[in-house]
Amino acid sequence: MSDVSLITQVFINGILFGSMYGTAAIGLSLIFGTMRIVFIAQGTVIVLFGYFCFWLFHLFGIDPYLSLIPIIIVAMLLGSGIYYGLFKEAAALKDRIGSLLIAVGLMFFLENFMTVVWTPNPRAVVTSYGFSAIHIFDINITLTRLIGLVLAVLATLGVSTFLKKTLIGTAVRATSEDAEASTLVGINPNRVNAVTFAIGIGLAGIAGITMATTYSFDPVYGLDFAIKALVALTLGGIGRVWGALLGGILLGLIASLGSYFVGTDWSQGIVFAIFLLALTFRPYGLFGGAGQKS
Amino acid sequence: MKDRIANYLKKDKRTIYLIIIALVLIALGTGPFYMDVETSFTAYYLFVCFIYIVLAQGWNLVAGYTGQISLGTHAFFALGAYTTAIIWVHDVTKTWYYFDPVVMVLSGIVPAIFAIIIGIPLLSRLRGDYFSFGTLAAAEVLRILILRGGNFTKGAGGIRLPGSFFESMEPYYWVAFLLAVLATGVVYYVTRSRIGLALKALREDETSAASHGIHILQYKVLAFAIGSFLMGIVGSLYAYYLFMVQPNGVMNLNWMFLPILICILGGNGTILGPIIGSFIIAALFSYADIYVGQVHPMVSGVIIVLVMKFMPTGIMGLREKISPRR
């Protein structure tokens, strides 16, 4: 393998890897955009759906990509349930730390629930086609990761069309731009927030399936995932759907190039250092736009 | 007659408060004389409470009085613990006392310097949530630096301290008690002084505060540094207590969530709130640990959610709601 193709391989791996964070970041970004809630439990919810996917595959032999349909439905219901059950009152408050703590409590609960019920052993969904790969020139692309990228792009496309073309999508965008003004023109904040949560958790379902098919996971992996998604969303600019996906891909690129050139041990540190620099110099995201009020 | 008593009570409220505070301080401060500190659960519970109080007051000063939510508490705590451990192992200060006050103060100063270094760029440009993300990222960078610090920090294995120095829990109890009193005193003093006035002004309206001649960045960084000093000094105590400074132990994210939980439960931006919160949370967590064992973090999670859902202003906020005067 030549040097060039090795670097290309690293590059492509970064993109494939990062698209998974991108999917998570879109959900986080929507929730943050409309309600200003830092939903730190997003990563743990993703792990939960990873487990769903794992058990559906193990107990009933349902193909992980077929389980996409039931999981997305369950996820969206769960999402609006989470909003009405937990965040309805907190979202209306000006002080947002309460909602952060609710998310933390939810994360603690889910993490330990999964540890107790499903043991802390790492799991992975291993399908018959899990190791097949596509070879182009000297480059290997694992099939499952490629599907992950395709799913991420499709999900992004779906969400952005939904936000642009439908009435409720427009309402979500309006709330995200100015929550007070949107209530003035007659938008019901509860409905918008519930829809946002449904989409956000639905995206978590997709990310969960991608994660379960490509990596091994355990119950406490969630927080790390959520923090990475937070980085991706800040890099991409809060409230921008494509920005969040691009932010995730950028994060994946930084991580994989960092571990190739500097060392695997340092890649996480490099990601956060670049995040800090980006926050300091481009706090409203790297991809254009004047940004919004903080 | 009734009126006269009421009047008298109102006039001498300050004295009554002072007497209550003095009594509580004496009762807690003389603990080791009537409790068996080595074995008593109450003494251990109080020790944990004191540690929580210091951490929570440090966070309270920044979040409650300047409105900036820091998610980097664990970094400052760990930095304090590591400073103590490294100074002790390499014998930098050439003072071989156990509980060396110089070392403890240095363990507060190092996090304070770190806070100033990351505080100036973050606080001058970022507000609100972005500041929170920034402190979290800075803490993660510090974690990697500690993990990859080679022989200096001993990586993931952590630094083992000579445990033969341990003789009794008594000094721990007193040091923790003193730190808790000190932390509360510092926060009380700072918030009652000109600094506190400036901090409250900029929490309410930054632009207006700036136009009245308050140097925003200077005051914010000052509060951030003082808060970090308190967190670092309690980290130092923790290092002396555990004799083992490990990234997984002292950089555990629990150290970040705990003070937030305590302050919000007790009442953010009040002196008494973090103290009440510490006593409740410490009791909750230790009893849950005893009675429900492995499921304890799960129960704690549920409790956090319930408290935030039904009592988002905390206990001090509840009091304000009940009492007619504000």
# chains A, B, ... in the order shown; residues from 1 in each chain; ligands from 1
$ interface_residues --of "chain A" --to "chain B" --cutoff "6 Å" --atoms "only C-alpha atoms" --output "NGL selection string"
:A and (98 or 102 or 105 or 108-109 or 112 or 269 or 272)
$ atom_distance --atom1 "CA of Thr73 in chain B" --atom2 "CA of Asn248 in chain B"
14.5 Å
$ residues_around --residues "Thr84 in chain B" --least-positions-apart "4" --cutoff "12 Å" --atoms "only C-alpha atoms" --output "JSON, numbers by chain"
{"B": [77, 78, 79, 80, 88, 89, 90, 91, 92, 93, 98, 99, 100, 101, 102, 103, 104, 105, 106, 107, 108, 109, 110, 111, 153, 159, 160, 161, 232, 233, 234, 235, 236, 237, 238, 239, 240, 241, 242, 243, 244, 245]}
$ residues_around --residues "range 14-30 of chain B" --least-positions-apart "4" --cutoff "9 Å" --atoms "only C-alpha atoms" --output "MDAnalysis selection string"
chainID B and resid 9:10 34:35 46 173:174 177:178 181
$ write_last_selection --atoms "C-alpha atoms" --output "mmCIF file, in the first residue's frame"
data_model
loop_
_atom_site.group_PDB
_atom_site.id
_atom_site.type_symbol
_atom_site.label_atom_id
_atom_site.label_comp_id
_atom_site.auth_asym_id
_atom_site.auth_seq_id
_atom_site.Cartn_x
_atom_site.Cartn_y
_atom_site.Cartn_z
ATOM 1 C CA LEU B 9 -37.168 39.583 67.356
ATOM 2 C CA LYS B 10 -37.015 41.613 64.204
ATOM 3 C CA TYR B 34 -17.883 13.358 71.254
ATOM 4 C CA MET B 35 -17.842 11.131 68.180
ATOM 5 C CA LEU B 46 -20.016 15.031 57.816
ATOM 6 C CA TYR B 173 -12.361 15.946 59.820
ATOM 7 C CA TRP B 174 -10.945 19.221 61.059
ATOM 8 C CA PHE B 177 -14.488 21.432 58.384
ATOM 9 C CA LEU B 178 -12.105 24.391 58.218
ATOM 10 C CA VAL B 181 -16.079 27.262 56.728
#
$ atom_distance --atom1 "CA of Phe224 in chain B" --atom2 "CA of Asn268 in chain B"
15.7 Å
$ select_by_dssp --residues "range 19-197 of chain A" --states "helix (DSSP H, G or I)" --output "VMD selection string"
chain A and resid 19 to 35 42 to 60 68 to 92 97 to 118 143 to 165 167 to 177 179 to 184 189 to 197
$ residues_around --residues "range 184-201 of chain A" --least-positions-apart "3" --cutoff "9 Å" --atoms "only C-alpha atoms" --output "ChimeraX atom specification"
/A:24-31,34-35,42,45-46,72,75-84,88,91-92,159,168-169,171-172,174-175,179-181,204-206
$ write_last_selection --atoms "N, CA and C atoms" --output "compact mmCIF listing (two decimals), in the first residue's frame"
# COMPACT_ATOMS: atom_id res chain seq x y z
N ALA A 24 -25.93 12.23 15.11
CA ALA A 24 -26.27 12.54 16.50
C ALA A 24 -26.31 14.04 16.70
N ALA A 25 -25.37 14.75 16.05
CA ALA A 25 -25.26 16.19 16.26
C ALA A 25 -26.48 16.92 15.71
N ILE A 26 -27.07 16.40 14.62
CA ILE A 26 -28.26 17.09 14.07
C ILE A 26 -29.38 17.09 15.11
N GLY A 27 -29.59 15.93 15.73
CA GLY A 27 -30.63 15.85 16.75
C GLY A 27 -30.37 16.80 17.90
N LEU A 28 -29.13 16.78 18.34
CA LEU A 28 -28.72 17.65 19.44
C LEU A 28 -28.93 19.12 19.07
N SER A 29 -28.56 19.42 17.82
CA SER A 29 -28.63 20.79 17.34
C SER A 29 -30.07 21.28 17.27
N LEU A 30 -30.98 20.41 16.80
CA LEU A 30 -32.39 20.81 16.72
C LEU A 30 -32.94 21.07 18.12
N ILE A 31 -32.65 20.14 19.04
CA ILE A 31 -33.16 20.28 20.40
C ILE A 31 -32.59 21.53 21.05
N THR A 34 -34.20 24.86 19.32
CA THR A 34 -35.55 25.31 19.64
C THR A 34 -35.74 25.54 21.13
N MET A 35 -35.13 24.69 21.97
CA MET A 35 -35.42 24.80 23.40
C MET A 35 -34.25 25.26 24.23
N GLN A 42 -28.27 12.38 24.89
CA GLN A 42 -28.38 11.91 23.50
C GLN A 42 -27.51 10.67 23.24
N VAL A 45 -28.92 7.63 24.86
CA VAL A 45 -30.11 7.17 24.13
C VAL A 45 -29.67 6.41 22.88
N ILE A 46 -28.61 6.89 22.22
CA ILE A 46 -28.09 6.19 21.04
C ILE A 46 -27.64 4.78 21.42
N ILE A 72 -37.07 3.47 14.46
CA ILE A 72 -37.36 4.91 14.25
C ILE A 72 -38.72 5.27 14.81
N ALA A 75 -38.49 5.30 18.49
CA ALA A 75 -37.67 6.43 18.92
C ALA A 75 -38.46 7.72 18.87
N MET A 76 -39.24 7.91 17.81
CA MET A 76 -39.97 9.17 17.71
C MET A 76 -41.04 9.27 18.79
N LEU A 77 -41.71 8.13 19.05
CA LEU A 77 -42.70 8.13 20.14
C LEU A 77 -42.02 8.43 21.46
N LEU A 78 -40.90 7.76 21.68
CA LEU A 78 -40.14 7.97 22.91
C LEU A 78 -39.73 9.43 23.04
N GLY A 79 -39.32 10.01 21.91
CA GLY A 79 -38.88 11.40 21.91
C GLY A 79 -39.97 12.34 22.38
N SER A 80 -41.17 12.22 21.81
CA SER A 80 -42.22 13.14 22.25
C SER A 80 -42.64 12.79 23.68
N GLY A 81 -42.54 11.50 24.03
CA GLY A 81 -42.82 11.10 25.41
C GLY A 81 -41.85 11.77 26.38
N ILE A 82 -40.58 11.76 26.01
CA ILE A 82 -39.57 12.39 26.88
C ILE A 82 -39.89 13.86 27.05
N TYR A 83 -40.31 14.50 25.94
CA TYR A 83 -40.61 15.93 26.06
C TYR A 83 -41.79 16.16 27.01
N TYR A 84 -42.90 15.48 26.74
CA TYR A 84 -44.08 15.75 27.57
C TYR A 84 -43.87 15.28 29.00
N LYS A 88 -41.26 19.39 29.62
CA LYS A 88 -42.26 20.38 29.28
C LYS A 88 -42.15 21.63 30.15
N ALA A 91 -38.56 23.43 29.82
CA ALA A 91 -38.29 24.14 28.57
C ALA A 91 -38.85 25.56 28.61
N ALA A 92 -39.87 25.77 29.43
CA ALA A 92 -40.49 27.08 29.49
C ALA A 92 -39.72 28.05 30.38
N VAL A 159 -34.49 15.37 7.10
CA VAL A 159 -34.78 16.38 8.11
C VAL A 159 -34.80 17.77 7.50
N ILE A 168 -45.19 22.42 9.94
CA ILE A 168 -44.65 22.26 11.29
C ILE A 168 -43.13 22.41 11.27
N GLY A 169 -42.51 22.01 10.15
CA GLY A 169 -41.07 22.19 10.01
C GLY A 169 -40.70 23.67 10.01
N ALA A 171 -42.40 25.93 11.43
CA ALA A 171 -42.60 26.39 12.81
C ALA A 171 -41.38 26.06 13.66
N VAL A 172 -40.81 24.87 13.43
CA VAL A 172 -39.60 24.51 14.18
C VAL A 172 -38.48 25.48 13.89
N ALA A 174 -38.77 28.54 12.84
CA ALA A 174 -39.10 29.85 13.40
C ALA A 174 -38.79 29.89 14.89
N THR A 175 -39.18 28.83 15.60
CA THR A 175 -38.91 28.79 17.05
C THR A 175 -37.42 28.81 17.31
N ALA A 179 -37.69 32.25 19.77
CA ALA A 179 -38.77 31.50 20.43
C ALA A 179 -39.93 32.43 20.82
N GLU A 180 -39.59 33.62 21.30
CA GLU A 180 -40.65 34.51 21.77
C GLU A 180 -41.53 34.99 20.63
N ALA A 181 -40.87 35.44 19.58
CA ALA A 181 -41.62 35.96 18.43
C ALA A 181 -42.49 34.88 17.81
N ALA A 204 -31.34 9.77 16.77
CA ALA A 204 -30.54 8.96 17.69
C ALA A 204 -30.73 7.48 17.38
N GLY A 205 -31.97 7.10 17.00
CA GLY A 205 -32.22 5.72 16.61
C GLY A 205 -31.36 5.31 15.42
N ILE A 206 -31.30 6.18 14.40
CA ILE A 206 -30.49 5.88 13.21
C ILE A 206 -29.02 5.77 13.60
$ atom_distance --atom1 "CA of Thr8 in chain A" --atom2 "CA of Leu151 in chain A"
21.9 Å
$ closest_residue --among "A:Ile238, A:Phe131, A:Phe217, A:Val4" --to "Glu177 in chain A" --atoms "only C-alpha atoms"
A:Ile238
